[in-house]
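Coordinates from model_28.pdb are shown below (PDB, C-alpha atoms).
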```
ATOM      1  CA  MET A  68     168.208  56.178  69.444
ATOM      2  CA  ASP A  69     169.325  56.385  65.830
ATOM      3  CA  SER A  70     171.518  59.448  65.302
ATOM      4  CA  ARG A  71     169.316  60.276  62.285
ATOM      5  CA  LEU A  72     166.037  60.965  64.026
ATOM      6  CA  THR A  73     163.093  60.415  61.693
ATOM      7  CA  ALA A  74     159.316  60.531  62.072
ATOM      8  CA  ARG A  75     159.268  56.737  62.241
ATOM      9  CA  THR A  76     161.884  56.406  65.003
ATOM     10  CA  LEU A  77     160.201  59.225  66.916
ATOM     11  CA  PHE A  78     156.862  57.418  66.730
ATOM     12  CA  GLU A  79     158.256  54.009  67.682
ATOM     13  CA  VAL A  80     160.221  55.295  70.672
ATOM     14  CA  HIS A  81     157.440  57.446  72.134
ATOM     15  CA  ARG A  82     154.308  55.590  70.973
ATOM     16  CA  ASP A  83     153.515  53.830  74.254
ATOM     17  CA  LYS A  84     154.499  56.640  76.632
ATOM     18  CA  LEU A  85     152.553  59.295  74.721
ATOM     19  CA  GLY A  86     149.733  57.094  73.430
ATOM     20  CA  LEU A  87     150.498  58.007  69.838
ATOM     21  CA  ARG A  88     148.367  56.692  66.981
ATOM     22  CA  TRP A  89     149.543  57.005  63.362
ATOM     23  CA  VAL A  90     146.542  58.398  61.459
ATOM     24  CA  ALA A  91     147.875  59.224  58.002
ATOM     25  CA  GLY A  92     150.953  60.033  55.929
ATOM     26  CA  ARG A  93     152.935  56.824  56.452
ATOM     27  CA  GLN A  94     154.754  57.491  53.167
ATOM     28  CA  GLY A  95     156.683  60.229  54.989
ATOM     29  CA  GLU A  96     158.037  57.973  57.739
ATOM     30  CA  GLN A  97     161.648  58.817  56.800
ATOM     31  CA  ARG A  98     161.216  62.563  57.173
ATOM     32  CA  PRO A  99     164.098  63.799  59.360
ATOM     33  CA  VAL A 100     163.438  65.813  62.492
ATOM     34  CA  GLN A 101     166.841  67.465  62.160
ATOM     35  CA  LEU A 102     167.612  69.475  59.033
ATOM     36  CA  PRO A 103     170.959  70.870  57.854
ATOM     37  CA  LEU A 104     171.605  74.342  59.221
ATOM     38  CA  PRO A 105     170.364  76.887  58.533
ATOM     39  CA  ALA A 106     167.058  74.998  58.754
ATOM     40  CA  GLN A 107     164.433  76.425  56.428
ATOM     41  CA  ASP A 108     161.050  75.399  55.189
ATOM     42  CA  ALA A 109     160.043  74.998  51.549
ATOM     43  CA  GLU A 110     159.461  78.754  51.266
ATOM     44  CA  GLY A 111     162.909  79.631  52.655
ATOM     45  CA  ALA A 112     161.634  80.797  56.063
ATOM     46  CA  PRO A 113     163.547  79.634  59.140
ATOM     47  CA  PHE A 114     161.980  76.925  61.260
ATOM     48  CA  GLY A 115     160.986  77.532  64.848
ATOM     49  CA  ALA A 116     161.575  75.048  67.665
ATOM     50  CA  TRP A 117     161.899  71.286  67.340
ATOM     51  CA  VAL A 118     158.337  70.934  68.634
ATOM     52  CA  GLY A 119     155.604  73.397  69.617
ATOM     53  CA  HIS A 120     152.026  74.551  69.182
ATOM     54  CA  LEU A 121     150.880  75.513  65.702
ATOM     55  CA  ASN A 122     153.175  78.188  64.252
ATOM     56  CA  LEU A 123     152.715  79.234  60.637
ATOM     57  CA  ILE A 124     155.276  82.082  60.681
ATOM     58  CA  HIS A 125     158.284  80.130  61.980
ATOM     59  CA  PRO A 126     157.064  76.547  61.582
ATOM     60  CA  ASN A 127     158.094  74.020  64.188
ATOM     61  CA  ARG A 128     159.576  70.756  62.943
ATOM     62  CA  ILE A 129     156.762  68.996  64.818
ATOM     63  CA  GLN A 130     153.538  70.994  64.804
ATOM     64  CA  VAL A 131     151.155  70.227  67.683
ATOM     65  CA  LEU A 132     147.453  71.000  67.325
ATOM     66  CA  GLY A 133     145.562  71.059  70.594
ATOM     67  CA  THR A 134     142.018  72.168  71.340
ATOM     68  CA  ALA A 135     142.862  75.878  71.097
ATOM     69  CA  GLU A 136     144.659  75.532  67.767
ATOM     70  CA  LEU A 137     141.878  73.467  66.207
ATOM     71  CA  ARG A 138     139.259  75.948  67.418
ATOM     72  CA  TYR A 139     141.306  78.751  65.877
ATOM     73  CA  LEU A 140     141.434  76.962  62.525
ATOM     74  CA  ASP A 141     137.720  76.168  62.669
ATOM     75  CA  GLY A 142     136.956  79.850  63.354
ATOM     76  CA  LEU A 143     138.633  81.044  60.169
ATOM     77  CA  GLY A 144     136.676  81.784  57.042
ATOM     78  CA  LYS A 145     136.521  79.121  54.339
ATOM     79  CA  ASN A 146     139.347  80.567  52.250
ATOM     80  CA  SER A 147     141.518  81.509  55.236
ATOM     81  CA  HIS A 148     141.002  78.063  56.723
ATOM     82  CA  ALA A 149     142.095  76.362  53.515
ATOM     83  CA  ASP A 150     145.123  78.671  53.246
ATOM     84  CA  ALA A 151     146.153  77.907  56.848
ATOM     85  CA  ILE A 152     145.959  74.137  56.286
ATOM     86  CA  LYS A 153     147.910  74.501  53.044
ATOM     87  CA  GLN A 154     150.564  76.596  54.796
ATOM     88  CA  LEU A 155     150.797  74.106  57.680
ATOM     89  CA  PHE A 156     151.714  71.237  55.362
ATOM     90  CA  ALA A 157     153.679  73.334  52.838
ATOM     91  CA  SER A 158     156.431  73.823  55.427
ATOM     92  CA  ALA A 159     157.060  70.042  55.232
ATOM     93  CA  PRO A 160     157.101  69.392  58.996
ATOM     94  CA  ALA A 161     158.575  66.153  60.268
ATOM     95  CA  ALA A 162     155.150  65.379  61.754
ATOM     96  CA  VAL A 163     151.846  66.915  62.811
ATOM     97  CA  VAL A 164     150.328  65.817  66.118
ATOM     98  CA  VAL A 165     146.672  66.246  67.045
ATOM     99  CA  ALA A 166     146.543  66.280  70.848
ATOM    100  CA  ASP A 167     144.015  66.696  73.695
ATOM    101  CA  GLY A 168     142.045  63.693  72.419
ATOM    102  CA  GLU A 169     140.612  65.820  69.610
ATOM    103  CA  ALA A 170     139.133  64.140  66.550
ATOM    104  CA  VAL A 171     141.208  64.316  63.367
ATOM    105  CA  SER A 172     139.261  66.034  60.609
ATOM    106  CA  GLU A 173     138.966  64.510  57.151
ATOM    107  CA  GLU A 174     140.677  67.595  55.736
ATOM    108  CA  LEU A 175     143.765  67.100  57.926
ATOM    109  CA  GLU A 176     143.874  63.400  57.154
ATOM    110  CA  GLU A 177     143.474  63.876  53.394
ATOM    111  CA  THR A 178     146.113  66.635  53.270
ATOM    112  CA  ALA A 179     148.552  64.546  55.301
ATOM    113  CA  GLU A 180     148.096  61.657  52.875
ATOM    114  CA  ARG A 181     148.465  63.863  49.817
ATOM    115  CA  THR A 182     151.660  65.529  51.115
ATOM    116  CA  ALA A 183     153.083  62.360  52.720
ATOM    117  CA  THR A 184     153.251  64.126  56.083
ATOM    118  CA  PRO A 185     153.150  61.857  59.161
ATOM    119  CA  LEU A 186     149.988  62.686  61.134
ATOM    120  CA  PHE A 187     149.728  61.408  64.706
ATOM    121  CA  ALA A 188     146.955  61.620  67.287
ATOM    122  CA  THR A 189     147.125  61.326  71.065
ATOM    123  CA  PRO A 190     144.707  61.653  73.995
ATOM    124  CA  LEU A 191     147.330  63.458  76.091
ATOM    125  CA  PRO A 192     147.322  67.250  76.627
ATOM    126  CA  SER A 193     149.288  69.239  74.063
ATOM    127  CA  HIS A 194     151.537  70.871  76.675
ATOM    128  CA  LYS A 195     152.614  67.456  77.959
ATOM    129  CA  ILE A 196     153.408  66.268  74.424
ATOM    130  CA  ILE A 197     155.500  69.369  73.739
ATOM    131  CA  SER A 198     157.367  69.211  77.053
ATOM    132  CA  HIS A 199     158.232  65.534  76.662
ATOM    133  CA  LEU A 200     159.254  65.659  73.006
ATOM    134  CA  HIS A 201     161.224  68.890  73.358
ATOM    135  CA  TYR A 202     163.336  67.401  76.137
ATOM    136  CA  GLN A 203     163.887  64.093  74.353
ATOM    137  CA  ILE A 204     164.636  65.584  70.930
ATOM    138  CA  SER A 205     167.003  68.221  72.322
ATOM    139  CA  ASN A 206     168.899  65.478  74.127
ATOM    140  CA  ASP A 207     168.930  63.087  71.140
ATOM    141  CA  LEU A 208     170.123  65.727  68.680
ATOM    142  CA  ALA A 209     172.597  67.477  70.978
ATOM    143  CA  ASP A 210     176.238  67.623  69.947
ATOM    144  CA  LYS A 211     178.048  64.680  71.560
ATOM    145  CA  ILE A 212     181.633  63.724  72.258
ATOM    146  CA  ILE A 213     183.312  60.812  74.038
ATOM    147  CA  LEU A 214     186.313  61.721  76.209
ATOM    148  CA  HIS A 215     188.931  59.518  77.803
ATOM    149  CA  GLY A 216     188.814  59.670  81.585
ATOM    150  CA  VAL A 217     186.763  58.816  84.646
ATOM    151  CA  PHE A 218     183.638  60.917  85.243
ATOM    152  CA  MET A 219     182.767  61.274  88.927
ATOM    153  CA  GLU A 220     180.333  63.134  91.110
ATOM    154  CA  ILE A 221     182.405  64.818  93.818
ATOM    155  CA  LEU A 222     180.510  66.845  96.429
ATOM    156  CA  GLY A 223     177.489  66.840  94.114
ATOM    157  CA  MET A 224     179.471  68.273  91.192
ATOM    158  CA  GLY A 225     180.396  66.529  87.933
ATOM    159  CA  VAL A 226     184.198  66.169  87.752
ATOM    160  CA  LEU A 227     186.176  64.527  84.934
ATOM    161  CA  LEU A 228     189.475  62.908  85.917
ATOM    162  CA  THR A 229     191.914  62.949  82.995
ATOM    163  CA  GLY A 230     195.555  62.080  82.410
ATOM    164  CA  GLU A 231     197.752  59.752  80.404
ATOM    165  CA  SER A 232     197.082  56.029  80.462
ATOM    166  CA  GLY A 233     198.351  54.319  83.613
ATOM    167  CA  ILE A 234     198.744  57.508  85.640
ATOM    168  CA  GLY A 235     196.226  56.386  88.269
ATOM    169  CA  LYS A 236     192.834  57.798  87.293
ATOM    170  CA  SER A 237     190.953  54.610  88.178
ATOM    171  CA  GLU A 238     192.833  54.171  91.459
ATOM    172  CA  LEU A 239     191.956  57.760  92.377
ATOM    173  CA  ALA A 240     188.324  57.133  91.413
ATOM    174  CA  LEU A 241     188.204  54.018  93.597
ATOM    175  CA  GLU A 242     189.585  55.912  96.578
ATOM    176  CA  LEU A 243     187.081  58.725  96.021
ATOM    177  CA  ILE A 244     184.257  56.170  95.942
ATOM    178  CA  THR A 245     185.408  54.759  99.294
ATOM    179  CA  ARG A 246     185.224  58.339 100.626
ATOM    180  CA  GLY A 247     181.536  58.603  99.665
ATOM    181  CA  HIS A 248     181.688  60.104  96.177
ATOM    182  CA  ARG A 249     179.973  58.523  93.169
ATOM    183  CA  LEU A 250     181.000  56.980  89.859
ATOM    184  CA  ILE A 251     179.258  58.065  86.685
ATOM    185  CA  ALA A 252     181.425  56.595  83.922
ATOM    186  CA  ASP A 253     184.830  54.983  83.531
ATOM    187  CA  ASP A 254     187.090  55.171  80.492
ATOM    188  CA  ALA A 255     184.671  56.596  77.890
ATOM    189  CA  PRO A 256     182.050  58.993  79.311
ATOM    190  CA  GLU A 257     179.770  60.565  76.696
ATOM    191  CA  PHE A 258     179.110  64.297  76.925
ATOM    192  CA  SER A 259     176.242  66.155  75.264
ATOM    193  CA  ARG A 260     175.875  69.897  74.887
ATOM    194  CA  THR A 261     172.433  70.279  76.450
ATOM    195  CA  ALA A 262     172.543  74.092  76.719
ATOM    196  CA  PRO A 263     174.784  76.856  75.347
ATOM    197  CA  ASP A 264     176.999  76.670  78.458
ATOM    198  CA  ARG A 265     176.264  73.163  79.728
ATOM    199  CA  LEU A 266     177.765  69.747  79.064
ATOM    200  CA  THR A 267     175.963  66.738  80.504
ATOM    201  CA  GLY A 268     177.900  63.510  80.886
ATOM    202  CA  ARG A 269     176.610  59.968  81.146
ATOM    203  CA  CYS A 270     177.914  56.436  80.812
ATOM    204  CA  PRO A 271     177.449  54.229  77.734
ATOM    205  CA  SER A 272     175.126  51.361  78.667
ATOM    206  CA  ALA A 273     177.820  48.720  78.101
ATOM    207  CA  LEU A 274     180.093  50.296  80.741
ATOM    208  CA  GLN A 275     177.578  51.277  83.406
ATOM    209  CA  GLU A 276     178.564  50.442  87.008
ATOM    210  CA  PHE A 277     182.002  49.096  86.035
ATOM    211  CA  LEU A 278     185.447  50.470  86.883
ATOM    212  CA  GLU A 279     188.705  48.964  85.611
ATOM    213  CA  VAL A 280     191.574  49.183  88.105
ATOM    214  CA  ARG A 281     195.021  47.938  87.168
ATOM    215  CA  GLY A 282     195.921  44.906  89.244
ATOM    216  CA  LEU A 283     192.301  44.292  90.300
ATOM    217  CA  GLY A 284     190.657  44.030  86.904
ATOM    218  CA  VAL A 285     187.057  45.077  86.272
ATOM    219  CA  LEU A 286     185.056  45.940  89.400
ATOM    220  CA  ASN A 287     181.268  46.233  89.706
ATOM    221  CA  ILE A 288     180.979  49.355  91.846
ATOM    222  CA  ARG A 289     177.250  48.947  92.461
ATOM    223  CA  ALA A 290     177.738  45.375  93.712
ATOM    224  CA  MET A 291     180.665  46.407  95.914
ATOM    225  CA  PHE A 292     179.408  49.698  97.360
ATOM    226  CA  GLY A 293     175.660  49.754  96.715
ATOM    227  CA  ASP A 294     173.326  51.895  94.655
ATOM    228  CA  SER A 295     174.453  55.110  96.344
ATOM    229  CA  ALA A 296     177.914  54.763  94.764
ATOM    230  CA  ILE A 297     176.508  55.153  91.223
ATOM    231  CA  LYS A 298     175.112  58.261  89.523
ATOM    232  CA  PRO A 299     173.586  58.019  86.018
ATOM    233  CA  SER A 300     174.565  61.510  84.850
ATOM    234  CA  ASN A 301     175.676  64.974  85.872
ATOM    235  CA  ASP A 302     176.766  68.262  84.363
ATOM    236  CA  LEU A 303     180.507  68.665  83.805
ATOM    237  CA  ARG A 304     181.719  71.504  86.036
ATOM    238  CA  LEU A 305     185.409  70.768  86.534
ATOM    239  CA  ILE A 306     188.248  68.795  84.958
ATOM    240  CA  ILE A 307     191.025  67.472  87.201
ATOM    241  CA  HIS A 308     194.037  66.599  85.071
ATOM    242  CA  LEU A 309     196.663  64.309  86.567
ATOM    243  CA  GLN A 310     200.216  64.966  85.375
ATOM    244  CA  ARG A 311     203.576  63.547  86.366
ATOM    245  CA  MET A 312     205.976  66.303  87.414
ATOM    246  CA  ASP A 313     209.589  66.411  88.430
ATOM    247  CA  ASP A 314     210.987  68.816  91.021
ATOM    248  CA  ASP A 315     211.597  71.562  88.466
ATOM    249  CA  ALA A 316     208.012  71.378  87.169
ATOM    250  CA  LEU A 317     206.672  71.438  90.725
ATOM    251  CA  ARG A 318     208.669  74.578  91.502
ATOM    252  CA  ARG A 319     207.207  76.336  88.470
ATOM    253  CA  ILE A 320     203.614  75.986  89.695
ATOM    254  CA  ASP A 321     202.149  79.284  90.918
ATOM    255  CA  ARG A 322     202.176  79.097  94.704
ATOM    256  CA  LEU A 323     199.067  81.279  95.033
ATOM    257  CA  GLN A 324     196.869  80.342  92.078
ATOM    258  CA  GLY A 325     197.989  76.757  91.508
ATOM    259  CA  SER A 326     197.735  75.312  88.007
ATOM    260  CA  ARG A 327     194.423  76.445  86.511
ATOM    261  CA  GLN A 328     193.370  76.580  82.895
ATOM    262  CA  THR A 329     190.202  76.243  80.840
ATOM    263  CA  ARG A 330     189.500  73.535  78.298
ATOM    264  CA  THR A 331     187.042  74.038  75.446
ATOM    265  CA  ILE A 332     184.749  71.077  74.745
ATOM    266  CA  LEU A 333     181.977  71.414  72.141
ATOM    267  CA  ASP A 334     182.443  75.212  72.348
ATOM    268  CA  VAL A 335     181.863  75.175  76.114
ATOM    269  CA  GLU A 336     184.687  76.380  78.357
ATOM    270  CA  VAL A 337     185.284  74.085  81.330
ATOM    271  CA  PRO A 338     187.679  74.983  84.178
ATOM    272  CA  GLN A 339     190.623  72.617  84.555
ATOM    273  CA  VAL A 340     192.975  72.089  87.482
ATOM    274  CA  THR A 341     196.216  70.173  87.021
ATOM    275  CA  LEU A 342     197.286  68.048  89.995
ATOM    276  CA  PRO A 343     200.900  66.853  90.189
ATOM    277  CA  VAL A 344     201.384  63.114  90.506
ATOM    278  CA  ALA A 345     204.441  62.754  92.709
ATOM    279  CA  PRO A 346     205.559  60.614  95.670
ATOM    280  CA  GLY A 347     203.863  61.606  98.913
ATOM    281  CA  HIS A 348     200.884  63.336  97.265
ATOM    282  CA  ASN A 349     197.432  62.203  98.440
ATOM    283  CA  LEU A 350     195.488  62.632  95.216
ATOM    284  CA  ALA A 351     192.077  61.927  96.781
ATOM    285  CA  VAL A 352     192.546  64.747  99.290
ATOM    286  CA  LEU A 353     193.842  67.052  96.547
ATOM    287  CA  ALA A 354     190.871  66.204  94.287
ATOM    288  CA  GLU A 355     188.400  66.931  97.078
ATOM    289  CA  GLY A 356     190.234  70.165  97.818
ATOM    290  CA  ALA A 357     190.069  71.177  94.157
ATOM    291  CA  ALA A 358     186.335  70.458  94.067
ATOM    292  CA  ARG A 359     185.643  72.395  97.284
ATOM    293  CA  ASN A 360     187.742  75.331  96.082
ATOM    294  CA  HIS A 361     185.877  75.378  92.752
ATOM    295  CA  ILE A 362     182.520  75.402  94.544
ATOM    296  CA  LEU A 363     183.725  78.455  96.496
ATOM    297  CA  ALA A 364     184.894  80.076  93.254
ATOM    298  CA  LEU A 365     181.444  79.576  91.733
ATOM    299  CA  SER A 366     180.009  81.575  94.639
ATOM    300  CA  GLY A 367     182.494  84.377  93.981
ATOM    301  CA  TYR A 368     185.107  83.609  96.622
ATOM    302  CA  ASP A 369     188.817  83.588  95.718
ATOM    303  CA  ALA A 370     191.183  82.490  98.485
ATOM    304  CA  ALA A 371     194.273  83.837  96.672
ATOM    305  CA  GLU A 372     192.707  87.298  96.334
ATOM    306  CA  GLU A 373     191.757  87.364 100.015
ATOM    307  CA  PHE A 374     195.250  86.202 100.983
ATOM    308  CA  MET A 375     196.917  88.940  98.924
ATOM    309  CA  ALA A 376     194.482  91.578 100.191
ATOM    310  CA  ARG A 377     195.273  90.582 103.775
ATOM    311  CA  GLN A 378     199.020  90.848 103.137
ATOM    312  CA  ARG A 379     198.571  94.309 101.631
ATOM    313  CA  ARG A 380     196.575  95.473 104.642
ATOM    314  CA  LEU A 381     199.221  94.184 107.042
ATOM    315  CA  MET A 382     201.994  95.898 105.065
ATOM    316  CA  MET A 383     200.081  99.166 105.076
ATOM    317  CA  GLU A 384     199.429  98.899 108.805
ATOM    318  CA  GLU A 385     203.091  98.151 109.502
ATOM    319  CA  GLY A 386     204.184 100.988 107.221
ATOM    320  CA  GLY A 387     201.925 103.423 109.026
ATOM    321  CA  GLU A 388     203.414 102.715 112.434
TER     322      GLU A 388
END
```
Mind converting the file's structure to structure tokens?
Amino acid sequence: MDSRLTARTLFEVHRDKLGLRWVAGRQGEQRPVQLPLPAQDAEGAPFGAWVGHLNLIHPNRIQVLGTAELRYLDGLGKNSHADAIKQLFASAPAAVVVADGEAVSEELEETAERTATPLFATPLPSHKIISHLHYQISNDLADKIILHGVFMEILGMGVLLTGESGIGKSELALELITRGHRLIADDAPEFSRTAPDRLTGRCPSALQEFLEVRGLGVLNIRAMFGDSAIKPSNDLRLIIHLQRMDDDALRRIDRLQGSRQTRTILDVEVPQVTLPVAPGHNLAVLAEGAARNHILALSGYDAAEEFMARQRRLMMEEGGE
């Protein structure tokens, strides 16, 4: 979808799935769904969510009027009703949607035309419209970044393999695939910040299913290994960084904790483990071990802490004899 999401692109993309009909206000087709932060309406009040049921205090960018909202407006006195309609359109929403198959009143249609506000109608329930659009808009407008590496699903967890060019990321990915793990994206996975502490990665459409391996060229992983070898997306939970190390660098690695850091991507901290690339190292086994150890860490288990605690107990027992 266009990075500048407008009322027109929103309508065109979701028209068939949501049964949308454009009733009035076509002059406002270029109204943006996303506004510069801090987002405020014409009166200076902050906007609410991207999409939601009628809200006149913190207006949503897309205001949805279902049966309950229309009944509420109809139940207001003449002056209060007129004020509510005026306030609804004064906030300059990206669009107003009349849902639940409700008829669009002449007043709504005339006001939408006069203010150049896109007015849509749909037979679908309002809660379904809100759920669908909220998910799609949040995903479309999420902060995005493309990283260099191979994005894999290892033991059900999203893992990004990184390292300098030619270090063996694709070869490692191919070996992991033969061991039953799944490819998400090679070379240029795209990550979106879909929650305050979540990054979701997926593959650009042009690269889906393909893996480039030096010496073999471009491989179609789905054709070679079947549908089960491909995963469309996953949340990024761990980065495995491959790094060439000499003997001195290997000796400097903490024997208990290994080489662990965190990497900040789109303001989200992601754990990173550095694996040494050296003769005799089985990187596929090490990558699986790193993934399994991280899964244990997520559950609160730390092998190094248990090891040290056990040594302390043994020393105390020996010292007490």
Between CA of Leu305 (chain A) and CA of Gly235 (chain A) lies a distance of 18.1 Å
Evaluate the PyMOL selection byres ((chain A and resi 201) around 12) on the structure here and hand back the selected residues as a count of residues only. 29
Restricting the calculation to all atoms listed in the file, which member of A:Pro343, A:Gly386, A:Pro299, A:Gly230 is positioned closest to Gly268 (chain A)? A:Pro299
On this file, the PyMOL selection byres ((chain A and resi 133-139) around 6) gives some set of residues; write that set as JSON, numbers by chain. {"A": [132, 140, 141, 142, 166, 167, 193]}
Hey, what's within 12 Å of region 171-183 of chain A if we count only C-alpha atoms and toss same-chain stuff fewer than 2 positions away? As a PyMOL selection string, please? chain A and resi 74+88-98+132-134+137+140-141+148-149+151-169+185-190
Picked residues, the PyMOL selection byres ((chain A and resi 245-250) around 12), expected as a PyMOL selection string: chain A and resi 216-228+237-244+251-254+256+268-270+274-279+286-289+291-301+351-352+354-355+358
When you draw a straight line from CA of Glu257 (chain A) to CA of Thr329 (chain A), how long is it in Å? 19.3 Å
